[in-house]
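S.K.: This is the structure I want to talk about, given as structure tokens.
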Amino acid sequence: MRMKSPEGALTALDSFLDPECTETPYVGDTIPPALKAQAHSCAALAYHEKVFATPAECAEIVVQERRFQRKETMELGVGAPAFAHFVVALDHANQSVQLGLVSPIVLRLGFMMRDIGTSLGVDLSQTVRSRRFRPLWRAVDRRLEEIYVEEWKKQRRVARDPAAYVCAAEGCGIRGEKRQALRSCAGRCPPGLKPRYCSKKCQKQDWSRHKSICKPGYVGELPSITGPAESLARGIFELGDSVDGEDMENTSPPVAGPFTSTADDRDEMPFRLRPAGPGQFIDMPAPNAPGGSIRLTSNTLDAETLRVIRERARMRARGQGAG
Ligand SMILES: [Zn+2]
Ligand SMILES: [Zn+2]
């Protein structure tokens, strides 16, 4: 029965996680760490549900919170804001990692934490981030490393001439005389895996492929971090305000607010490209030329025009082959 609401699930999990639990006998001291880790992952999932609850679900959650009177919930305050639940979810995710379990929900929350840092303008590569969530940060870093290594291997398999700077969009074919002739992605992908494009159009075309490297673990939306939530959010990165139970209680409004999304097109894709120098070129078929192709170099024609000219040359070459 009680498993049907996040609060009911959390009450059941308290017998594994809360030594002061009175509802059911506490058995957390007697279970293996792997099972305890799973309980933390489940608790993280239950709090994640609270974070993304609709206004109608929030109203029901408040009823359940009053009914079950869990210690953790009472400390946070009935009807605590979404972001306060997010921080508790991070705590459980962190403890799951500490006990050796990096579950999908753990990674999802870890990547959300990373995206929140970015939306706060935190340079995550430069900060110590936080001592409090260090195991969770390490889990995120390890996953990122795996993603990057996978991509690096994939790129090596399909690599053509590594000295040629080729637009990363499939089928484009525009190249640069120098690296700077193409424009690199301005997103968060690591320097060694940064794709280069001839134009924004090619960046857009390639986004479905590049997304998993540029925005790994992207969840589409984040808990709202305006108002009191911002000091909680900054606490995650240890940027001034501390985040302890008392602070959370003081900043909790009396009723649960609906979750608001901060996602927009900017979050969806880094449409920006770093500027490029001159020197883009394209090779096009020319049956009568030595080597069967000529190189069209242009600093005045745009990428689209270069491709159109190549297409015409291809059609003409095909026509000549047939005749
Ligand atoms: Zn291109
Ligand atoms: Zn990128």
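So you can find residues: chains in the structure tokens are A, B, ... in the order shown, residues in each start at 1, and ligands are numbered from 1 in order.
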Which residues form the shell of 9 Å around ligand 2 when you count only C-alpha atoms and all ligand atoms, given as number ranges by chain?

M.R.: A: 184-191, 193-195, 207, 210-211, 213-215, 269-270

S.K.: Convert the current residue selection to file output with N, CA and C atoms, as a PDB file, in the first residue's frame.

M.R.:
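As a result, out.pdb now contains:
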ATOM      1  N   SER A 184      35.000  25.417 -34.343  1.00  0.00           N
ATOM      2  CA  SER A 184      34.830  24.341 -33.361  1.00  0.00           C
ATOM      3  C   SER A 184      33.593  24.559 -32.506  1.00  0.00           C
ATOM      4  N   CYS A 185      33.039  23.455 -32.006  1.00  0.00           N
ATOM      5  CA  CYS A 185      31.877  23.504 -31.113  1.00  0.00           C
ATOM      6  C   CYS A 185      32.243  24.291 -29.862  1.00  0.00           C
ATOM      7  N   ALA A 186      31.341  25.206 -29.454  1.00  0.00           N
ATOM      8  CA  ALA A 186      31.599  26.011 -28.256  1.00  0.00           C
ATOM      9  C   ALA A 186      30.985  25.385 -27.017  1.00  0.00           C
ATOM     10  N   GLY A 187      30.546  24.143 -27.141  1.00  0.00           N
ATOM     11  CA  GLY A 187      29.911  23.460 -26.005  1.00  0.00           C
ATOM     12  C   GLY A 187      30.936  22.922 -25.020  1.00  0.00           C
ATOM     13  N   ARG A 188      30.486  22.009 -24.143  1.00  0.00           N
ATOM     14  CA  ARG A 188      31.345  21.519 -23.062  1.00  0.00           C
ATOM     15  C   ARG A 188      32.104  20.246 -23.417  1.00  0.00           C
ATOM     16  N   CYS A 189      32.097  19.865 -24.680  1.00  0.00           N
ATOM     17  CA  CYS A 189      32.847  18.676 -25.070  1.00  0.00           C
ATOM     18  C   CYS A 189      34.343  18.931 -24.849  1.00  0.00           C
ATOM     19  N   PRO A 190      35.104  17.879 -24.489  1.00  0.00           N
ATOM     20  CA  PRO A 190      36.520  18.105 -24.189  1.00  0.00           C
ATOM     21  C   PRO A 190      37.310  18.485 -25.443  1.00  0.00           C
ATOM     22  N   PRO A 191      38.394  19.260 -25.279  1.00  0.00           N
ATOM     23  CA  PRO A 191      39.157  19.766 -26.423  1.00  0.00           C
ATOM     24  C   PRO A 191      39.549  18.683 -27.426  1.00  0.00           C
ATOM     25  N   LEU A 193      38.069  16.094 -28.295  1.00  0.00           N
ATOM     26  CA  LEU A 193      36.934  15.497 -29.023  1.00  0.00           C
ATOM     27  C   LEU A 193      36.048  16.575 -29.647  1.00  0.00           C
ATOM     28  N   LYS A 194      36.531  17.806 -29.649  1.00  0.00           N
ATOM     29  CA  LYS A 194      35.722  18.907 -30.159  1.00  0.00           C
ATOM     30  C   LYS A 194      35.570  18.814 -31.674  1.00  0.00           C
ATOM     31  N   PRO A 195      34.320  18.652 -32.156  1.00  0.00           N
ATOM     32  CA  PRO A 195      34.159  18.599 -33.607  1.00  0.00           C
ATOM     33  C   PRO A 195      34.307  19.987 -34.222  1.00  0.00           C
ATOM     34  N   TRP A 207      24.158  17.441 -34.720  1.00  0.00           N
ATOM     35  CA  TRP A 207      23.893  17.514 -33.277  1.00  0.00           C
ATOM     36  C   TRP A 207      23.395  16.205 -32.671  1.00  0.00           C
ATOM     37  N   HIS A 210      26.488  14.290 -32.010  1.00  0.00           N
ATOM     38  CA  HIS A 210      27.454  14.896 -31.095  1.00  0.00           C
ATOM     39  C   HIS A 210      26.901  15.110 -29.683  1.00  0.00           C
ATOM     40  N   LYS A 211      25.558  15.179 -29.587  1.00  0.00           N
ATOM     41  CA  LYS A 211      24.887  15.500 -28.321  1.00  0.00           C
ATOM     42  C   LYS A 211      25.390  14.677 -27.125  1.00  0.00           C
ATOM     43  N   ILE A 213      28.172  13.506 -26.482  1.00  0.00           N
ATOM     44  CA  ILE A 213      29.507  13.886 -26.019  1.00  0.00           C
ATOM     45  C   ILE A 213      29.476  15.289 -25.427  1.00  0.00           C
ATOM     46  N   CYS A 214      28.693  16.160 -26.075  1.00  0.00           N
ATOM     47  CA  CYS A 214      28.679  17.563 -25.690  1.00  0.00           C
ATOM     48  C   CYS A 214      27.819  17.786 -24.444  1.00  0.00           C
ATOM     49  N   LYS A 215      26.708  17.046 -24.367  1.00  0.00           N
ATOM     50  CA  LYS A 215      25.827  17.151 -23.201  1.00  0.00           C
ATOM     51  C   LYS A 215      25.522  15.759 -22.676  1.00  0.00           C
ATOM     52  N   MET A 269      21.036  22.957 -27.110  1.00  0.00           N
ATOM     53  CA  MET A 269      22.173  22.814 -28.019  1.00  0.00           C
ATOM     54  C   MET A 269      23.027  24.067 -28.059  1.00  0.00           C
ATOM     55  N   PRO A 270      24.339  23.912 -27.999  1.00  0.00           N
ATOM     56  CA  PRO A 270      25.199  25.091 -28.127  1.00  0.00           C
ATOM     57  C   PRO A 270      25.284  25.501 -29.587  1.00  0.00           C
TER      58      PRO A 270
END

S.K.: As a quick test: using only C-alpha atoms and all ligand atoms, which residues lie no more than 10 Å away from ligand 1? Give them as a PDB file with N, CA and C atoms, in the first residue's frame.

M.R.:
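Writing done, so here's pocket.pdb:
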ATOM      1  N   VAL A 166      38.520  18.117 -41.474  1.00  0.00           N
ATOM      2  CA  VAL A 166      37.293  17.872 -42.228  1.00  0.00           C
ATOM      3  C   VAL A 166      36.087  18.280 -41.386  1.00  0.00           C
ATOM      4  N   CYS A 167      35.102  18.911 -42.035  1.00  0.00           N
ATOM      5  CA  CYS A 167      33.854  19.223 -41.338  1.00  0.00           C
ATOM      6  C   CYS A 167      33.266  17.922 -40.792  1.00  0.00           C
ATOM      7  N   ALA A 168      32.875  17.935 -39.509  1.00  0.00           N
ATOM      8  CA  ALA A 168      32.446  16.705 -38.837  1.00  0.00           C
ATOM      9  C   ALA A 168      31.077  16.209 -39.307  1.00  0.00           C
ATOM     10  N   ALA A 169      30.308  17.061 -39.991  1.00  0.00           N
ATOM     11  CA  ALA A 169      28.981  16.631 -40.436  1.00  0.00           C
ATOM     12  C   ALA A 169      29.112  15.633 -41.579  1.00  0.00           C
ATOM     13  N   GLU A 170      28.375  14.538 -41.453  1.00  0.00           N
ATOM     14  CA  GLU A 170      28.471  13.468 -42.439  1.00  0.00           C
ATOM     15  C   GLU A 170      28.056  13.958 -43.823  1.00  0.00           C
ATOM     16  N   GLY A 171      28.867  13.648 -44.829  1.00  0.00           N
ATOM     17  CA  GLY A 171      28.505  13.971 -46.203  1.00  0.00           C
ATOM     18  C   GLY A 171      28.835  15.391 -46.629  1.00  0.00           C
ATOM     19  N   CYS A 172      29.326  16.223 -45.716  1.00  0.00           N
ATOM     20  CA  CYS A 172      29.599  17.621 -46.076  1.00  0.00           C
ATOM     21  C   CYS A 172      30.833  17.710 -46.976  1.00  0.00           C
ATOM     22  N   GLY A 173      31.953  17.252 -46.489  1.00  0.00           N
ATOM     23  CA  GLY A 173      33.141  17.208 -47.322  1.00  0.00           C
ATOM     24  C   GLY A 173      33.971  18.473 -47.344  1.00  0.00           C
ATOM     25  N   ILE A 174      33.506  19.524 -46.726  1.00  0.00           N
ATOM     26  CA  ILE A 174      34.320  20.743 -46.703  1.00  0.00           C
ATOM     27  C   ILE A 174      35.456  20.559 -45.715  1.00  0.00           C
ATOM     28  N   ARG A 175      36.640  21.005 -46.152  1.00  0.00           N
ATOM     29  CA  ARG A 175      37.813  20.836 -45.306  1.00  0.00           C
ATOM     30  C   ARG A 175      38.485  22.178 -45.071  1.00  0.00           C
ATOM     31  N   LEU A 182      38.085  25.792 -39.916  1.00  0.00           N
ATOM     32  CA  LEU A 182      36.763  25.294 -39.530  1.00  0.00           C
ATOM     33  C   LEU A 182      36.442  25.804 -38.129  1.00  0.00           C
ATOM     34  N   ARG A 183      35.153  25.791 -37.805  1.00  0.00           N
ATOM     35  CA  ARG A 183      34.728  26.379 -36.535  1.00  0.00           C
ATOM     36  C   ARG A 183      34.431  25.274 -35.531  1.00  0.00           C
ATOM     37  N   ARG A 196      34.717  19.998 -35.498  1.00  0.00           N
ATOM     38  CA  ARG A 196      34.841  21.262 -36.234  1.00  0.00           C
ATOM     39  C   ARG A 196      33.881  21.228 -37.400  1.00  0.00           C
ATOM     40  N   TYR A 197      33.263  22.364 -37.655  1.00  0.00           N
ATOM     41  CA  TYR A 197      32.257  22.439 -38.711  1.00  0.00           C
ATOM     42  C   TYR A 197      32.562  23.604 -39.636  1.00  0.00           C
ATOM     43  N   CYS A 198      32.045  23.476 -40.880  1.00  0.00           N
ATOM     44  CA  CYS A 198      32.198  24.582 -41.819  1.00  0.00           C
ATOM     45  C   CYS A 198      31.165  25.657 -41.536  1.00  0.00           C
ATOM     46  N   SER A 199      30.035  25.275 -40.942  1.00  0.00           N
ATOM     47  CA  SER A 199      28.930  26.220 -40.791  1.00  0.00           C
ATOM     48  C   SER A 199      27.981  25.766 -39.681  1.00  0.00           C
ATOM     49  N   LYS A 200      27.114  26.678 -39.262  1.00  0.00           N
ATOM     50  CA  LYS A 200      26.101  26.344 -38.255  1.00  0.00           C
ATOM     51  C   LYS A 200      25.164  25.254 -38.743  1.00  0.00           C
ATOM     52  N   LYS A 201      24.875  25.308 -40.049  1.00  0.00           N
ATOM     53  CA  LYS A 201      23.970  24.313 -40.619  1.00  0.00           C
ATOM     54  C   LYS A 201      24.515  22.896 -40.389  1.00  0.00           C
ATOM     55  N   CYS A 202      25.823  22.743 -40.586  1.00  0.00           N
ATOM     56  CA  CYS A 202      26.428  21.428 -40.387  1.00  0.00           C
ATOM     57  C   CYS A 202      26.454  21.055 -38.900  1.00  0.00           C
ATOM     58  N   GLN A 203      26.634  22.049 -38.035  1.00  0.00           N
ATOM     59  CA  GLN A 203      26.596  21.766 -36.598  1.00  0.00           C
ATOM     60  C   GLN A 203      25.217  21.236 -36.202  1.00  0.00           C
ATOM     61  N   LYS A 204      24.171  21.892 -36.729  1.00  0.00           N
ATOM     62  CA  LYS A 204      22.802  21.459 -36.442  1.00  0.00           C
ATOM     63  C   LYS A 204      22.574  20.040 -36.940  1.00  0.00           C
ATOM     64  N   GLN A 205      23.041  19.795 -38.169  1.00  0.00           N
ATOM     65  CA  GLN A 205      22.837  18.483 -38.776  1.00  0.00           C
ATOM     66  C   GLN A 205      23.518  17.381 -37.958  1.00  0.00           C
ATOM     67  N   ASP A 206      24.658  17.715 -37.365  1.00  0.00           N
ATOM     68  CA  ASP A 206      25.464  16.711 -36.660  1.00  0.00           C
ATOM     69  C   ASP A 206      25.075  16.569 -35.185  1.00  0.00           C
ATOM     70  N   GLN A 280      38.785  27.511 -46.177  1.00  0.00           N
ATOM     71  CA  GLN A 280      37.975  26.314 -46.387  1.00  0.00           C
ATOM     72  C   GLN A 280      38.093  25.895 -47.855  1.00  0.00           C
ATOM     73  N   ALA A 303      30.036  28.016 -47.172  1.00  0.00           N
ATOM     74  CA  ALA A 303      30.084  26.558 -47.238  1.00  0.00           C
ATOM     75  C   ALA A 303      28.971  26.004 -48.134  1.00  0.00           C
ATOM     76  N   GLU A 304      27.781  26.581 -48.024  1.00  0.00           N
ATOM     77  CA  GLU A 304      26.638  26.110 -48.794  1.00  0.00           C
ATOM     78  C   GLU A 304      26.934  26.216 -50.299  1.00  0.00           C
ATOM     79  N   LEU A 306      29.856  26.309 -51.768  1.00  0.00           N
ATOM     80  CA  LEU A 306      30.891  25.327 -52.136  1.00  0.00           C
ATOM     81  C   LEU A 306      30.262  23.957 -52.384  1.00  0.00           C
ATOM     82  N   ARG A 307      29.317  23.581 -51.508  1.00  0.00           N
ATOM     83  CA  ARG A 307      28.683  22.264 -51.669  1.00  0.00           C
ATOM     84  C   ARG A 307      27.834  22.202 -52.941  1.00  0.00           C
TER      85      ARG A 307
END

S.K.: Figure out the distance between CA of Gly77 (chain A) and CA of Glu221 (chain A), please, to one decimal in Å.

M.R.: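 These atoms are spaced 24.6 Å apart.
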
S.K.: Extract, using only C-alpha atoms, all DNA, RNA and protein residues at most 9 Å from region 10-13 of chain A, discarding same-chain residues fewer than 3 positions from it, and format them as a PyMOL selection string.

M.R.: chain A and resi 2-3+5-7+16-18+21+23-24+39-40+42-43+46-47+68-70

S.K.: Would you pick out the contacts of Tyr165 (chain A) at 7 Å or less, using only C-alpha atoms, so that residues sharing its chain but fewer than 6 positions from it are not included, and give the list as a ChimeraX atom specification?

M.R.: /A:175-176,178-179

S.K.: Could the residues in this selection be saved with N, CA, C and O atoms as an mmCIF file, in the first residue's frame?

M.R.:
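Saved to part-v3.cif:
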data_model
loop_
_atom_site.group_PDB
_atom_site.id
_atom_site.type_symbol
_atom_site.label_atom_id
_atom_site.label_comp_id
_atom_site.auth_asym_id
_atom_site.auth_seq_id
_atom_site.Cartn_x
_atom_site.Cartn_y
_atom_site.Cartn_z
ATOM 1 N N ARG A 175 36.640 21.005 -46.152
ATOM 2 C CA ARG A 175 37.813 20.836 -45.306
ATOM 3 C C ARG A 175 38.485 22.178 -45.071
ATOM 4 O O ARG A 175 38.142 23.180 -45.684
ATOM 5 N N GLY A 176 39.438 22.166 -44.171
ATOM 6 C CA GLY A 176 40.169 23.395 -43.895
ATOM 7 C C GLY A 176 41.635 23.201 -44.197
ATOM 8 O O GLY A 176 42.179 22.124 -43.964
ATOM 9 N N LYS A 178 43.896 24.775 -42.703
ATOM 10 C CA LYS A 178 44.446 24.717 -41.352
ATOM 11 C C LYS A 178 43.288 24.390 -40.420
ATOM 12 O O LYS A 178 42.125 24.526 -40.768
ATOM 13 N N ARG A 179 43.627 23.998 -39.226
ATOM 14 C CA ARG A 179 42.624 23.699 -38.222
ATOM 15 C C ARG A 179 41.663 24.878 -38.032
ATOM 16 O O ARG A 179 40.452 24.710 -37.888
#

S.K.: So the first atom is CA of Ser41 (chain A) and the second is CA of Ser96 (chain A); what is the distance between them in Å, to one decimal place?

M.R.: 5.7 Å
